[in-house]
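Following: one structure in structure tokens, then a few remarks.
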Amino acid sequence: MSLEIRTPGEAFYLAAEMEKRAIRLYERALLIFSQGPCRAAITEILCQERQHLSRFEEMGAQAPDFEQAQLLAAQAARTLFPGGLMQAQRQGAFASPQALLAYAAEEEQGAIQRYSGFAAQFQGPAGEAFSAIAKEEESHYHQLGAL
């Protein structure tokens, strides 16, 4: 079930939840792979995800009412890094730095699609903000591909 996002506040909330999931995944990955060859790649990606969360919070996202927030959190859980760290491991994301970068690039692609959709859906500052973040995600996607 995909919940319809009706307001910029809901879209900002969903985006912030998506970024929080990404941050939690990479923080856990750092605990597991703190000495391995993936450490540098994980650290860089984690830094970028924290910057995204900070930008969404700075844009003044207002949390919707409690019930709506729960539904949005559930949708965010299915949107970015579904299955969390264990799913990433099952998909081989931590087999090598290259595998992690490929996994992260795939997830970035999903974020690009979602944020581009919000940019098209909303006018004014909200649409502009989502457009800018989508472009940054595209840049990250290309950076990950180059690595």
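Convention: chains lettered A, B, ... in structure tokens order; per-chain residue numbering from 1; ligands numbered from 1 as shown.
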
Rows by chain and residue number, segment 94-117 of chain A within 12 Å of segment 49-61 of chain A, shortest pair, only C-alpha atoms, as JSON lines:
```
{"residue": "A:Ala104", "atom": "CA", "partner": "A:Glu49", "partner_atom": "CA", "distance": 10.8}
{"residue": "A:Glu107", "atom": "CA", "partner": "A:Glu49", "partner_atom": "CA", "distance": 11.6}
{"residue": "A:Glu108", "atom": "CA", "partner": "A:Glu49", "partner_atom": "CA", "distance": 10.1}
{"residue": "A:Ala111", "atom": "CA", "partner": "A:His52", "partner_atom": "CA", "distance": 11.0}
{"residue": "A:Tyr115", "atom": "CA", "partner": "A:Phe56", "partner_atom": "CA", "distance": 11.4}
```

**Proximity to Ile5 of chain A - best of A:Gly145, A:Glu138, A:Gly117, A:Ala129, only C-alpha atoms** = A:Gly117

**Request:** Using only C-alpha atoms, find the one residue out of A:Gln113, A:Gln121, A:Gln89, A:Gln48 that sits nearest to Ala29 of chain A.
**Result:**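 Among A:Gln113, A:Gln121, A:Gln89, A:Gln48, it is A:Gln89 that comes nearest to Ala29 of chain A.
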
**Request:** Determine the nearest neighbour of Phe118 of chain A from the options A:Ser131, A:Gln98, A:Gln87, A:Ser139, counting only C-alpha atoms.
**Result:**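 Using only C-alpha atoms, the shortest distance to Phe118 of chain A belongs to A:Ser131.
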
**Prompt:** Between atom CA of Ala105 of chain A and atom CA of Tyr141 of chain A, what is the distance, to one decimal in Å?
**Reply:** 5.1 Å

**Request:** Provide the atom CA of Cys38 of chain A to atom CA of Pro97 of chain A distance in Å, to one decimal place.
**Result:** 4.6 Å

Nearby residues (only C-alpha atoms) at most 7 Å from Ala119 of chain A, same-chain spacing under 5 positions excluded, as a PDB file with N, CA, C and O atoms, in the first residue's frame:
```
ATOM      1  N   GLY A 127       8.842  22.509  -3.770  1.00  0.00           N
ATOM      2  CA  GLY A 127       9.223  21.892  -5.038  1.00  0.00           C
ATOM      3  C   GLY A 127      10.671  22.174  -5.385  1.00  0.00           C
ATOM      4  O   GLY A 127      11.399  21.286  -5.850  1.00  0.00           O
ATOM      5  N   GLU A 128      11.102  23.407  -5.152  1.00  0.00           N
ATOM      6  CA  GLU A 128      12.492  23.779  -5.428  1.00  0.00           C
ATOM      7  C   GLU A 128      13.456  23.001  -4.531  1.00  0.00           C
ATOM      8  O   GLU A 128      14.515  22.558  -4.984  1.00  0.00           O
ATOM      9  N   PHE A 130      12.966  20.026  -3.099  1.00  0.00           N
ATOM     10  CA  PHE A 130      13.037  18.628  -3.519  1.00  0.00           C
ATOM     11  C   PHE A 130      13.802  18.476  -4.830  1.00  0.00           C
ATOM     12  O   PHE A 130      14.537  17.507  -5.024  1.00  0.00           O
ATOM     13  N   SER A 131      13.667  19.444  -5.716  1.00  0.00           N
ATOM     14  CA  SER A 131      14.415  19.408  -6.969  1.00  0.00           C
ATOM     15  C   SER A 131      15.915  19.490  -6.700  1.00  0.00           C
ATOM     16  O   SER A 131      16.710  18.746  -7.289  1.00  0.00           O
TER      17      SER A 131
END
```

**Fill in**
In terms of only C-alpha atoms, the residue from A:Thr43, A:Thr7, A:Gln35, A:Gln143 at minimal distance from Ala102 of chain A is A:Gln143
